[in-house]
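Asker: This one is query-v4.csv, CSV, C-alpha atoms.
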```csv
chain,number,residue,atom,x,y,z
A,1,MET,CA,80.3,79.9,119.9
A,2,PRO,CA,77.7,82.1,121.7
A,3,ARG,CA,77.7,85.7,120.8
A,4,TRP,CA,78.5,88.1,123.6
A,5,GLU,CA,75.1,89.6,124.6
A,6,PRO,CA,75.6,92.8,126.7
A,7,ASN,CA,73.3,92.9,129.7
A,8,ALA,CA,71.4,90.0,128.4
A,9,ARG,CA,70.1,89.0,131.8
A,10,GLU,CA,68.9,92.5,132.6
A,11,ARG,CA,67.3,92.9,129.2
A,12,LEU,CA,65.5,89.6,129.6
A,13,VAL,CA,64.0,90.7,133.0
A,14,HIS,CA,62.8,94.0,131.5
A,15,ALA,CA,61.3,92.2,128.5
A,16,ALA,CA,59.6,89.6,130.7
A,17,ALA,CA,58.1,92.3,133.0
A,18,GLU,CA,56.7,94.1,130.0
A,19,LEU,CA,55.2,91.0,128.4
A,20,PHE,CA,53.7,89.7,131.6
A,21,ALA,CA,52.1,93.0,132.2
A,22,GLU,CA,50.8,93.3,128.6
A,23,GLN,CA,49.5,89.8,128.0
A,24,GLY,CA,49.7,87.9,131.3
A,25,TYR,CA,52.2,85.5,132.7
A,26,GLU,CA,50.7,82.3,131.4
A,27,ALA,CA,50.3,83.5,127.8
A,28,THR,CA,53.9,84.6,127.5
A,29,THR,CA,56.5,82.2,126.1
A,30,VAL,CA,60.2,82.1,126.6
A,31,ASN,CA,60.6,82.7,122.9
A,32,GLU,CA,58.7,85.9,123.1
A,33,ILE,CA,60.7,87.1,126.0
A,34,ALA,CA,64.0,86.5,124.2
A,35,GLU,CA,62.7,88.2,121.1
A,36,ARG,CA,61.4,91.3,122.9
A,37,ALA,CA,64.8,91.5,124.7
A,38,GLY,CA,66.3,92.8,121.4
A,39,GLY,CA,66.4,89.6,119.4
A,40,LEU,CA,68.0,87.2,121.9
A,41,THR,CA,67.4,83.5,121.6
A,42,LYS,CA,65.8,80.8,123.8
A,43,THR,CA,69.3,79.4,124.3
A,44,THR,CA,70.4,82.7,125.8
A,45,PHE,CA,67.4,82.8,128.0
A,46,PHE,CA,68.1,79.3,129.4
A,47,ARG,CA,71.7,80.3,130.0
A,48,HIS,CA,70.4,82.8,132.5
A,49,PHE,CA,67.2,81.2,133.9
A,50,THR,CA,66.1,77.7,134.5
A,51,ASP,CA,62.5,78.5,133.5
A,52,LYS,CA,60.0,81.2,132.9
A,53,ARG,CA,59.1,81.4,136.6
A,54,GLU,CA,62.7,82.0,137.6
A,55,VAL,CA,62.8,85.3,135.8
A,56,LEU,CA,60.2,86.7,138.2
A,57,PHE,CA,62.6,86.1,141.1
A,58,ALA,CA,65.8,87.2,139.4
A,59,GLY,CA,68.4,88.5,141.8
A,60,GLN,CA,67.0,86.9,145.0
A,61,GLU,CA,70.1,84.7,145.4
A,62,ILE,CA,72.2,87.8,145.2
A,63,HIS,CA,70.1,89.4,147.9
A,64,GLY,CA,71.0,86.6,150.3
A,65,ARG,CA,74.7,87.1,149.6
A,66,ILE,CA,74.4,90.9,150.1
A,67,VAL,CA,72.8,90.6,153.5
A,68,ALA,CA,75.1,87.8,154.6
A,69,GLU,CA,78.2,89.9,153.7
A,70,ALA,CA,76.8,93.0,155.5
A,71,ILE,CA,76.2,91.0,158.7
A,72,ALA,CA,79.6,89.3,158.5
A,73,GLY,CA,81.3,92.7,158.3
A,74,ALA,CA,79.3,94.2,161.2
A,75,PRO,CA,81.2,95.3,164.3
A,76,GLU,CA,81.3,92.8,167.1
A,77,SER,CA,79.7,95.3,169.4
A,78,ALA,CA,76.6,95.6,167.3
A,79,THR,CA,73.3,94.3,168.6
A,80,PRO,CA,71.4,91.8,166.5
A,81,LEU,CA,69.0,94.4,165.3
A,82,GLU,CA,71.8,96.8,164.5
A,83,MET,CA,73.3,94.1,162.3
A,84,VAL,CA,70.0,93.6,160.6
A,85,GLY,CA,69.8,97.3,160.0
A,86,LEU,CA,73.2,97.3,158.3
A,87,ALA,CA,72.1,94.4,156.1
A,88,LEU,CA,68.8,96.1,155.2
A,89,ASP,CA,70.6,99.4,154.3
A,90,ARG,CA,73.1,97.5,152.1
A,91,LEU,CA,70.4,95.5,150.3
A,92,ALA,CA,67.9,98.3,149.8
A,93,SER,CA,70.6,100.7,148.5
A,94,SER,CA,71.4,98.2,145.8
A,95,PHE,CA,68.0,98.9,144.2
A,96,THR,CA,68.3,101.8,141.8
A,97,GLU,CA,65.3,103.9,140.7
A,98,ASP,CA,65.0,102.3,137.3
A,99,ARG,CA,64.2,99.0,139.0
A,100,ARG,CA,61.0,100.4,140.6
A,101,GLU,CA,58.8,100.1,137.5
A,102,ILE,CA,60.0,96.5,136.8
A,103,ALA,CA,59.5,95.5,140.5
A,104,ARG,CA,56.0,97.0,140.3
A,105,ARG,CA,55.1,95.0,137.2
A,106,LEU,CA,56.6,91.7,138.5
A,107,ARG,CA,54.7,92.1,141.8
A,108,ALA,CA,51.5,92.6,139.9
A,109,VAL,CA,52.1,89.3,138.0
A,110,ILE,CA,52.9,87.4,141.2
A,111,ALA,CA,49.8,88.8,142.9
A,112,LYS,CA,47.6,87.1,140.3
A,113,SER,CA,48.8,83.5,140.8
A,114,ALA,CA,48.5,81.3,143.9
A,115,GLU,CA,51.5,79.2,142.6
A,116,LEU,CA,53.7,82.2,142.2
A,117,GLN,CA,52.7,83.6,145.5
A,118,GLU,CA,53.7,80.3,147.1
A,119,ARG,CA,57.1,80.6,145.4
A,120,SER,CA,57.4,84.2,146.4
A,121,ALA,CA,56.7,83.4,150.1
A,122,SER,CA,59.4,80.7,150.0
A,123,LYS,CA,61.9,83.2,148.5
A,124,GLN,CA,61.1,85.7,151.2
A,125,ALA,CA,61.6,83.0,153.8
A,126,ALA,CA,65.0,82.3,152.1
A,127,LEU,CA,66.1,85.9,152.6
A,128,GLY,CA,65.2,85.7,156.3
A,129,GLU,CA,67.1,82.4,156.5
A,130,SER,CA,70.2,84.0,154.9
A,131,MET,CA,70.1,86.7,157.5
A,132,ALA,CA,69.5,84.3,160.4
A,133,GLN,CA,72.4,82.1,159.3
A,134,ALA,CA,74.8,85.1,159.1
A,135,LEU,CA,73.7,86.3,162.5
A,136,ARG,CA,74.3,82.8,164.0
A,137,GLU,CA,77.8,82.7,162.5
A,138,HIS,CA,78.4,86.1,164.0
A,139,GLY,CA,77.7,84.7,167.5
A,140,VAL,CA,74.0,85.5,167.9
A,141,PRO,CA,72.0,82.7,169.7
A,142,PRO,CA,69.8,80.8,167.3
A,143,LEU,CA,66.3,81.9,168.4
A,144,VAL,CA,67.5,85.5,168.7
A,145,ALA,CA,68.9,85.3,165.2
A,146,ASP,CA,65.6,83.9,163.9
A,147,LEU,CA,63.6,86.7,165.4
A,148,ALA,CA,65.9,89.4,164.3
A,149,ALA,CA,65.9,88.0,160.7
A,150,ASP,CA,62.1,87.9,160.8
A,151,VAL,CA,62.1,91.6,161.6
A,152,GLY,CA,64.6,92.3,158.8
A,153,ALA,CA,62.7,90.3,156.2
A,154,ARG,CA,59.4,92.0,157.2
A,155,ALA,CA,61.1,95.4,156.9
A,156,PHE,CA,62.6,94.6,153.5
A,157,TYR,CA,59.4,93.3,151.9
A,158,GLY,CA,57.3,95.9,153.6
A,159,ALA,CA,59.6,98.6,152.1
A,160,LEU,CA,59.4,97.0,148.7
A,161,GLU,CA,55.6,97.1,148.8
A,162,ARG,CA,55.6,100.8,149.8
A,163,TRP,CA,58.2,101.6,147.2
A,164,THR,CA,56.4,99.9,144.4
A,165,SER,CA,53.0,101.2,145.3
A,166,SER,CA,53.8,104.9,146.1
A,167,ALA,CA,54.3,107.7,143.7
A,168,ASP,CA,56.8,109.7,145.7
A,169,GLN,CA,60.5,109.8,144.9
A,170,ARG,CA,61.8,108.3,148.1
A,171,THR,CA,64.3,105.5,147.7
A,172,LEU,CA,63.9,101.9,148.7
A,173,ALA,CA,66.5,102.5,151.4
A,174,GLU,CA,64.5,105.4,152.8
A,175,HIS,CA,61.4,103.3,153.0
A,176,ALA,CA,63.4,100.4,154.6
A,177,ARG,CA,64.8,102.7,157.3
A,178,GLU,CA,61.3,104.0,158.0
A,179,ILE,CA,59.6,100.7,158.3
A,180,PHE,CA,62.5,99.2,160.3
A,181,GLY,CA,62.0,102.0,162.8
A,182,GLU,CA,58.3,101.3,163.0
A,183,LEU,CA,59.0,97.6,163.6
A,184,LYS,CA,61.4,98.3,166.3
A,185,ALA,CA,58.8,100.5,168.0
A,186,ALA,CA,56.3,97.6,167.6
A,187,ILE,CA,58.7,95.2,169.4
A,188,SER,CA,58.5,97.3,172.5
A,189,VAL,CA,54.7,96.9,172.8
A,190,LEU,CA,54.5,93.1,172.2
A,191,GLU,CA,54.0,92.4,175.9
B,1,MET,CA,24.8,56.9,146.9
B,2,PRO,CA,28.1,56.9,148.7
B,3,ARG,CA,28.6,54.4,151.5
B,4,TRP,CA,29.1,55.9,154.9
B,5,GLU,CA,32.9,55.6,155.6
B,6,PRO,CA,33.6,56.2,159.3
B,7,ASN,CA,36.8,58.3,159.9
B,8,ALA,CA,37.7,58.1,156.2
B,9,ARG,CA,39.7,61.3,156.3
B,10,GLU,CA,41.7,60.2,159.3
B,11,ARG,CA,42.3,56.7,157.9
B,12,LEU,CA,43.5,58.2,154.6
B,13,VAL,CA,46.0,60.3,156.4
B,14,HIS,CA,47.3,57.3,158.4
B,15,ALA,CA,47.5,55.2,155.3
B,16,ALA,CA,49.3,57.9,153.3
B,17,ALA,CA,51.8,58.4,156.1
B,18,GLU,CA,52.6,54.7,156.1
B,19,LEU,CA,52.9,54.3,152.4
B,20,PHE,CA,55.0,57.5,151.9
B,21,ALA,CA,57.4,56.2,154.6
B,22,GLU,CA,57.6,52.7,153.2
B,23,GLN,CA,57.9,53.4,149.5
B,24,GLY,CA,58.4,57.2,149.1
B,25,TYR,CA,56.0,60.0,148.2
B,26,GLU,CA,56.5,59.9,144.5
B,27,ALA,CA,56.0,56.2,144.1
B,28,THR,CA,52.7,56.1,146.0
B,29,THR,CA,49.4,56.4,144.1
B,30,VAL,CA,46.1,57.7,145.4
B,31,ASN,CA,44.6,54.2,144.6
B,32,GLU,CA,47.2,52.6,147.0
B,33,ILE,CA,46.4,55.1,149.7
B,34,ALA,CA,42.6,54.5,149.4
B,35,GLU,CA,43.2,50.7,149.4
B,36,ARG,CA,45.5,50.7,152.4
B,37,ALA,CA,42.9,52.8,154.3
B,38,GLY,CA,40.8,49.7,154.6
B,39,GLY,CA,39.4,49.3,151.1
B,40,LEU,CA,38.3,52.9,150.4
B,41,THR,CA,38.1,54.1,146.8
B,42,LYS,CA,39.8,56.8,144.8
B,43,THR,CA,36.4,58.7,144.8
B,44,THR,CA,36.4,58.7,148.6
B,45,PHE,CA,39.9,60.1,148.6
B,46,PHE,CA,39.0,62.9,146.3
B,47,ARG,CA,36.0,63.7,148.4
B,48,HIS,CA,38.5,64.6,151.2
B,49,PHE,CA,41.6,65.9,149.4
B,50,THR,CA,42.2,67.8,146.1
B,51,ASP,CA,45.4,65.8,145.4
B,52,LYS,CA,48.0,63.5,146.9
B,53,ARG,CA,50.1,66.5,148.1
B,54,GLU,CA,47.1,67.9,150.1
B,55,VAL,CA,47.0,64.8,152.3
B,56,LEU,CA,50.4,65.9,153.7
B,57,PHE,CA,49.0,69.2,154.9
B,58,ALA,CA,45.7,67.8,156.2
B,59,GLY,CA,44.3,69.9,159.0
B,60,GLN,CA,46.2,73.1,158.4
B,61,GLU,CA,43.1,75.0,157.5
B,62,ILE,CA,41.6,73.9,160.8
B,63,HIS,CA,44.7,75.1,162.6
B,64,GLY,CA,44.1,78.6,161.2
B,65,ARG,CA,40.5,78.5,162.6
B,66,ILE,CA,41.6,77.3,166.0
B,67,VAL,CA,44.1,80.1,166.5
B,68,ALA,CA,41.7,82.7,165.2
B,69,GLU,CA,39.0,81.6,167.6
B,70,ALA,CA,41.4,81.5,170.6
B,71,ILE,CA,42.5,85.1,169.8
B,72,ALA,CA,39.0,86.3,169.2
B,73,GLY,CA,38.0,85.0,172.7
B,74,ALA,CA,41.0,86.5,174.5
B,75,PRO,CA,40.3,89.2,177.2
B,76,GLU,CA,40.6,92.8,176.0
B,77,SER,CA,43.3,93.4,178.6
B,78,ALA,CA,45.6,90.7,177.2
B,79,THR,CA,48.9,91.8,175.5
B,80,PRO,CA,49.6,90.7,171.9
B,81,LEU,CA,52.0,88.0,173.1
B,82,GLU,CA,49.5,86.8,175.8
B,83,MET,CA,46.9,86.4,173.0
B,84,VAL,CA,49.4,84.4,170.9
B,85,GLY,CA,50.2,82.3,173.9
B,86,LEU,CA,46.5,81.4,174.3
B,87,ALA,CA,46.3,80.5,170.6
B,88,LEU,CA,49.4,78.4,170.8
B,89,ASP,CA,48.1,76.5,173.9
B,90,ARG,CA,44.7,75.8,172.2
B,91,LEU,CA,46.3,74.7,168.9
B,92,ALA,CA,49.0,72.5,170.5
B,93,SER,CA,46.5,70.9,172.9
B,94,SER,CA,44.5,69.7,169.9
B,95,PHE,CA,47.4,67.3,169.0
B,96,THR,CA,46.9,64.0,170.7
B,97,GLU,CA,49.8,61.6,171.3
B,98,ASP,CA,48.7,59.2,168.5
B,99,ARG,CA,49.4,61.9,166.0
B,100,ARG,CA,53.1,62.1,166.9
B,101,GLU,CA,54.1,59.2,164.8
B,102,ILE,CA,52.1,60.3,161.8
B,103,ALA,CA,53.5,63.8,162.1
B,104,ARG,CA,57.0,62.4,162.3
B,105,ARG,CA,56.5,60.4,159.1
B,106,LEU,CA,54.9,63.2,157.1
B,107,ARG,CA,57.7,65.6,158.1
B,108,ALA,CA,60.3,63.1,156.9
B,109,VAL,CA,58.5,62.9,153.5
B,110,ILE,CA,58.4,66.7,153.2
B,111,ALA,CA,62.0,67.1,154.2
B,112,LYS,CA,63.0,65.1,151.1
B,113,SER,CA,61.3,67.3,148.4
B,114,ALA,CA,62.1,70.9,147.6
B,115,GLU,CA,58.6,71.3,146.1
B,116,LEU,CA,56.9,70.0,149.3
B,117,GLN,CA,59.1,72.2,151.4
B,118,GLU,CA,58.0,75.2,149.5
B,119,ARG,CA,54.4,74.2,150.0
B,120,SER,CA,55.1,73.6,153.7
B,121,ALA,CA,56.7,77.1,154.1
B,122,SER,CA,53.7,78.6,152.5
B,123,LYS,CA,51.4,76.7,154.9
B,124,GLN,CA,53.4,77.9,157.9
B,125,ALA,CA,53.2,81.5,156.6
B,126,ALA,CA,49.4,81.0,156.4
B,127,LEU,CA,49.2,80.0,160.0
B,128,GLY,CA,51.1,83.2,161.0
B,129,GLU,CA,48.7,85.2,158.8
B,130,SER,CA,45.7,83.7,160.5
B,131,MET,CA,47.0,84.8,163.8
B,132,ALA,CA,48.0,88.2,162.6
B,133,GLN,CA,44.6,88.8,161.1
B,134,ALA,CA,42.8,87.7,164.3
B,135,LEU,CA,45.1,90.0,166.3
B,136,ARG,CA,44.3,93.0,164.0
B,137,GLU,CA,40.6,92.3,164.4
B,138,HIS,CA,41.2,92.3,168.2
B,139,GLY,CA,42.6,95.9,167.9
B,140,VAL,CA,46.3,95.1,167.7
B,141,PRO,CA,48.2,97.6,165.4
B,142,PRO,CA,49.2,95.9,162.1
B,143,LEU,CA,52.9,95.7,162.5
B,144,VAL,CA,52.7,94.6,166.1
B,145,ALA,CA,50.2,91.9,165.0
B,146,ASP,CA,52.6,90.7,162.3
B,147,LEU,CA,55.5,90.4,164.7
B,148,ALA,CA,53.5,88.7,167.4
B,149,ALA,CA,52.2,86.2,164.8
B,150,ASP,CA,55.8,85.6,163.6
B,151,VAL,CA,56.7,84.6,167.2
B,152,GLY,CA,53.7,82.4,167.5
B,153,ALA,CA,54.3,80.6,164.2
B,154,ARG,CA,58.0,80.1,165.1
B,155,ALA,CA,56.9,78.7,168.5
B,156,PHE,CA,54.4,76.3,167.0
B,157,TYR,CA,56.6,74.9,164.3
B,158,GLY,CA,59.6,74.8,166.6
B,159,ALA,CA,57.6,72.8,169.1
B,160,LEU,CA,56.4,70.5,166.3
B,161,GLU,CA,60.0,69.8,165.4
B,162,ARG,CA,61.0,69.0,169.0
B,163,TRP,CA,57.9,66.9,169.6
B,164,THR,CA,58.4,64.8,166.5
B,165,SER,CA,62.2,64.4,166.9
B,166,SER,CA,62.3,63.7,170.7
B,167,ALA,CA,61.8,60.4,172.4
B,168,ASP,CA,60.4,61.8,175.7
B,169,GLN,CA,56.7,61.8,176.5
B,170,ARG,CA,56.2,65.5,176.8
B,171,THR,CA,53.1,66.8,174.9
B,172,LEU,CA,53.2,69.2,172.0
B,173,ALA,CA,51.6,71.8,174.3
B,174,GLU,CA,54.4,71.4,176.8
B,175,HIS,CA,57.0,71.9,174.1
B,176,ALA,CA,55.1,74.9,172.7
B,177,ARG,CA,55.1,76.6,176.1
B,178,GLU,CA,58.8,76.0,176.6
B,179,ILE,CA,59.8,77.3,173.2
B,180,PHE,CA,57.4,80.3,173.5
B,181,GLY,CA,59.2,81.2,176.8
B,182,GLU,CA,62.6,81.0,175.1
B,183,LEU,CA,61.4,83.2,172.2
B,184,LYS,CA,60.0,85.8,174.7
B,185,ALA,CA,63.5,85.8,176.4
B,186,ALA,CA,65.1,86.2,172.9
B,187,ILE,CA,63.0,89.3,172.2
B,188,SER,CA,64.5,91.1,175.2
B,189,VAL,CA,68.0,90.8,173.8
B,190,LEU,CA,67.3,91.9,170.2
B,191,GLU,CA,68.7,95.3,170.8
```
Re-express the file's structure as structure tokens.
Answerer:
Amino acid sequence: MPRWEPNARERLVHAAAELFAEQGYEATTVNEIAERAGGLTKTTFFRHFTDKREVLFAGQEIHGRIVAEAIAGAPESATPLEMVGLALDRLASSFTEDRREIARRLRAVIAKSAELQERSASKQAALGESMAQALREHGVPPLVADLAADVGARAFYGALERWTSSADQRTLAEHAREIFGELKAAISVLE
Amino acid sequence: MPRWEPNARERLVHAAAELFAEQGYEATTVNEIAERAGGLTKTTFFRHFTDKREVLFAGQEIHGRIVAEAIAGAPESATPLEMVGLALDRLASSFTEDRREIARRLRAVIAKSAELQERSASKQAALGESMAQALREHGVPPLVADLAADVGARAFYGALERWTSSADQRTLAEHAREIFGELKAAISVLE
């Protein structure tokens, strides 16, 4: 019977981020990650992640659910971009300050590998698709939903980049609101 | 000394599309593709492509160059979306009717594999990035360039989907102009 491992998933993500940063992604084994996470086992690791790569993208399925729920709960009178703004706020607010350093380390690992960047781009596209689908279900015409979701995904990943690369104490939600405002201004000068 | 193989690259793409459609992507070997392409060799295959997967995305680097050149040559007075429209027209016009059936087959192969879809999403993002970079070099502010490029990439891949799934005789360029018009209309109702 498996032992109960409190916060095993979170400890594994922390441990992986540390090891990837110290010795590189390729050189790190699942055994080492489990061991560093306070003496967990390989079996526990695979209860939480399908493979080593997956630990880099932990939480991204949850992100899709967060934005979808925020949009589903938006008032009928909201414009597509207002709905995206609500989703962004909800998602960015779920990132607490202690996740900044982990996010910074994982991003550095991803930046070094073409394969991981490909996977990352695909996960980013998936977040956009979650928003677009929720917008369509909320009655937004398909192409409008796609474009609004593109703006939302750009805002979120742009905010993540600023948050992980800046030294100031602003929250991810503050960065997201700022860049979302800049993107809305950019829309008005497209043509 | 290698024999001169006229249109080897094009013949290999044709042969691969046929074989993938007939017997599946996984089951097809590089040797079979080379043989089907009129008795070419594996060596010739690898002179044109790094691996079997690459043949599915043949030409996508060229697409990046086509859009970049079109944008670089756009008049200074053009708006960001006008520049994207020029790039789209140039790119879509480079697709002749005989490529429709090949594109249709390759898309069917990609649709069946999560890994190939991931690669495809990353190649689509690369086309957008080529446009965005060319726009920035043409003086367009970064976020505006990103959004305009998103619209352009959506228009191109949306047009490709309609072109390969429709039975009518409209060209890819006609589909691209139509969907680009729809996307511009969608922008005006974002907020």
Asker: Can you check which parts of chain B lie within 7 Å of chain A? Per residue, the shortest pair of atoms and distance in Å to one decimal, counting only C-alpha atoms, sorted by chain and number, as a tab-separated table.
Answerer:
```
residue	atom	partner	partner_atom	distance
B:Thr79	CA	A:Glu191	CA	5.2
B:Pro80	CA	A:Leu190	CA	5.5
B:Leu81	CA	A:Glu191	CA	5.6
B:Glu118	CA	A:Ser122	CA	5.7
B:Arg119	CA	A:Glu118	CA	6.8
B:Ala121	CA	A:Ser122	CA	6.1
B:Ser122	CA	A:Glu118	CA	5.7
B:Leu143	CA	A:Ala186	CA	6.4
B:Val144	CA	A:Ala186	CA	4.9
B:Ala148	CA	A:Leu190	CA	6.6
B:Leu183	CA	A:Leu143	CA	6.3
B:Ala186	CA	A:Val144	CA	4.9
B:Ile187	CA	A:Val144	CA	6.9
B:Leu190	CA	A:Pro80	CA	5.5
B:Glu191	CA	A:Thr79	CA	5.2
```
Asker: Please dump the current selection as an mmCIF file, in the frame of the given file; keep C-alpha atoms.
Answerer:
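Below is the file that was written, out-v8.cif:
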```
data_model
loop_
_atom_site.group_PDB
_atom_site.id
_atom_site.type_symbol
_atom_site.label_atom_id
_atom_site.label_comp_id
_atom_site.auth_asym_id
_atom_site.auth_seq_id
_atom_site.Cartn_x
_atom_site.Cartn_y
_atom_site.Cartn_z
ATOM 1 C CA THR B 79 48.900 91.800 175.500
ATOM 2 C CA PRO B 80 49.600 90.700 171.900
ATOM 3 C CA LEU B 81 52.000 88.000 173.100
ATOM 4 C CA GLU B 118 58.000 75.200 149.500
ATOM 5 C CA ARG B 119 54.400 74.200 150.000
ATOM 6 C CA ALA B 121 56.700 77.100 154.100
ATOM 7 C CA SER B 122 53.700 78.600 152.500
ATOM 8 C CA LEU B 143 52.900 95.700 162.500
ATOM 9 C CA VAL B 144 52.700 94.600 166.100
ATOM 10 C CA ALA B 148 53.500 88.700 167.400
ATOM 11 C CA LEU B 183 61.400 83.200 172.200
ATOM 12 C CA ALA B 186 65.100 86.200 172.900
ATOM 13 C CA ILE B 187 63.000 89.300 172.200
ATOM 14 C CA LEU B 190 67.300 91.900 170.200
ATOM 15 C CA GLU B 191 68.700 95.300 170.800
#
```
Asker: For Phe20 in chain A, list every protein, DNA or RNA residue within 10 Å, evaluated using all atoms listed in the file, and leave out those in the same chain fewer than 6 positions away; present the list as number ranges by chain.
Answerer: A: 26-29, 33, 56, 105-106, 108-110
Asker: So how many Å separate CA of Pro6 in chain A and CA of Glu101 in chain A, to one decimal?
Answerer: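 The value is 21.3 Å.
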Asker: Between A:Ala37, A:Ile62, A:Gly73, A:Thr44, single out the one closest to Ala17 in chain A, counting all atoms listed in the file.
Answerer: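 Of the candidates, the smallest distance to Ala17 in chain A is held by A:Ala37.
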Asker: Please indicate the distance in Å from CA of Ala111 in chain B to CA of Val13 in chain B, rounded to one decimal place.
Answerer: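 Spanning CA of Ala111 in chain B to CA of Val13 in chain B is a straight-line distance of 17.5 Å.
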Asker: To one decimal place in Å, what is the distance between CA of Asn31 in chain A and CA of Phe45 in chain A?
Answerer: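 These atoms are spaced 8.5 Å apart.
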Asker: Select all residues near (67.8, 91.8, 130.0) (cut-off 12 Å, inclusive, file coordinates), counting all atoms listed in the file, and output them as an mmCIF file with C-alpha atoms, keeping the file's coordinate frame.
Answerer:
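result.cif, written as the output of this step:
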```cif
data_model
loop_
_atom_site.group_PDB
_atom_site.id
_atom_site.type_symbol
_atom_site.label_atom_id
_atom_site.label_comp_id
_atom_site.auth_asym_id
_atom_site.auth_seq_id
_atom_site.Cartn_x
_atom_site.Cartn_y
_atom_site.Cartn_z
ATOM 1 C CA GLU A 5 75.100 89.600 124.600
ATOM 2 C CA PRO A 6 75.600 92.800 126.700
ATOM 3 C CA ASN A 7 73.300 92.900 129.700
ATOM 4 C CA ALA A 8 71.400 90.000 128.400
ATOM 5 C CA ARG A 9 70.100 89.000 131.800
ATOM 6 C CA GLU A 10 68.900 92.500 132.600
ATOM 7 C CA ARG A 11 67.300 92.900 129.200
ATOM 8 C CA LEU A 12 65.500 89.600 129.600
ATOM 9 C CA VAL A 13 64.000 90.700 133.000
ATOM 10 C CA HIS A 14 62.800 94.000 131.500
ATOM 11 C CA ALA A 15 61.300 92.200 128.500
ATOM 12 C CA ALA A 16 59.600 89.600 130.700
ATOM 13 C CA ALA A 17 58.100 92.300 133.000
ATOM 14 C CA GLU A 18 56.700 94.100 130.000
ATOM 15 C CA ILE A 33 60.700 87.100 126.000
ATOM 16 C CA ALA A 34 64.000 86.500 124.200
ATOM 17 C CA GLU A 35 62.700 88.200 121.100
ATOM 18 C CA ARG A 36 61.400 91.300 122.900
ATOM 19 C CA ALA A 37 64.800 91.500 124.700
ATOM 20 C CA GLY A 38 66.300 92.800 121.400
ATOM 21 C CA GLY A 39 66.400 89.600 119.400
ATOM 22 C CA LEU A 40 68.000 87.200 121.900
ATOM 23 C CA THR A 41 67.400 83.500 121.600
ATOM 24 C CA THR A 44 70.400 82.700 125.800
ATOM 25 C CA PHE A 45 67.400 82.800 128.000
ATOM 26 C CA HIS A 48 70.400 82.800 132.500
ATOM 27 C CA PHE A 49 67.200 81.200 133.900
ATOM 28 C CA VAL A 55 62.800 85.300 135.800
ATOM 29 C CA ALA A 58 65.800 87.200 139.400
ATOM 30 C CA ILE A 102 60.000 96.500 136.800
#
```
Asker: Return the single residue from B:Thr43, B:Ala74, B:Ala159, B:Lys112 that is closest to Phe180 in chain B, with distances computed using all atoms listed in the file.
Answerer: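 Selected residue with least distance to Phe180 in chain B: B:Ala159.
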Asker: Can you tell me which residues surround Glu61 in chain B at a distance of at most 12 Å, considering all atoms listed in the file, apart from same-chain residues fewer than 2 positions away, and format the answer as a ChimeraX atom specification?
Answerer: /B:54,57-59,63-68,91,123-124,126-130
Asker: Given all atoms listed in the file as the basis, pick out the residue of A:Arg90, A:Arg170, A:Arg136, A:Lys52 nearest to Leu19 in chain A.
Answerer: A:Lys52
Asker: Using all atoms listed in the file, which residue out of B:Ala92, B:Leu116, B:Ala134, B:Leu160 lies closest to Ala173 in chain B?
Answerer: B:Ala92
Asker: With the input short on atoms, add N, CA, C and O atoms back to range 62-69 of chain A and write it as an mmCIF file, keeping the file's coordinate frame.
Answerer:
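Result file follows (result_25.cif):
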```cif
data_model
loop_
_atom_site.group_PDB
_atom_site.id
_atom_site.type_symbol
_atom_site.label_atom_id
_atom_site.label_comp_id
_atom_site.auth_asym_id
_atom_site.auth_seq_id
_atom_site.Cartn_x
_atom_site.Cartn_y
_atom_site.Cartn_z
ATOM 1 N N ILE A 62 71.249 86.709 144.910
ATOM 2 C CA ILE A 62 72.200 87.800 145.200
ATOM 3 C C ILE A 62 71.827 88.521 146.458
ATOM 4 O O ILE A 62 72.681 88.874 147.265
ATOM 5 N N HIS A 63 70.536 88.723 146.681
ATOM 6 C CA HIS A 63 70.100 89.400 147.900
ATOM 7 C C HIS A 63 70.591 88.691 149.143
ATOM 8 O O HIS A 63 71.027 89.306 150.105
ATOM 9 N N GLY A 64 70.504 87.359 149.115
ATOM 10 C CA GLY A 64 71.000 86.600 150.300
ATOM 11 C C GLY A 64 72.443 86.801 150.526
ATOM 12 O O GLY A 64 72.867 86.906 151.678
ATOM 13 N N ARG A 65 73.220 86.896 149.444
ATOM 14 C CA ARG A 65 74.700 87.100 149.600
ATOM 15 C C ARG A 65 74.941 88.532 150.158
ATOM 16 O O ARG A 65 75.818 88.720 150.993
ATOM 17 N N ILE A 66 74.173 89.524 149.672
ATOM 18 C CA ILE A 66 74.400 90.900 150.100
ATOM 19 C C ILE A 66 74.147 91.028 151.632
ATOM 20 O O ILE A 66 74.968 91.582 152.364
ATOM 21 N N VAL A 67 73.026 90.474 152.103
ATOM 22 C CA VAL A 67 72.800 90.600 153.500
ATOM 23 C C VAL A 67 73.768 89.806 154.363
ATOM 24 O O VAL A 67 74.205 90.260 155.434
ATOM 25 N N ALA A 68 74.167 88.638 153.860
ATOM 26 C CA ALA A 68 75.100 87.800 154.600
ATOM 27 C C ALA A 68 76.465 88.553 154.746
ATOM 28 O O ALA A 68 77.072 88.570 155.826
ATOM 29 N N GLU A 69 76.911 89.184 153.688
ATOM 30 C CA GLU A 69 78.200 89.900 153.700
ATOM 31 C C GLU A 69 78.106 91.115 154.655
ATOM 32 O O GLU A 69 79.047 91.407 155.388
#
```
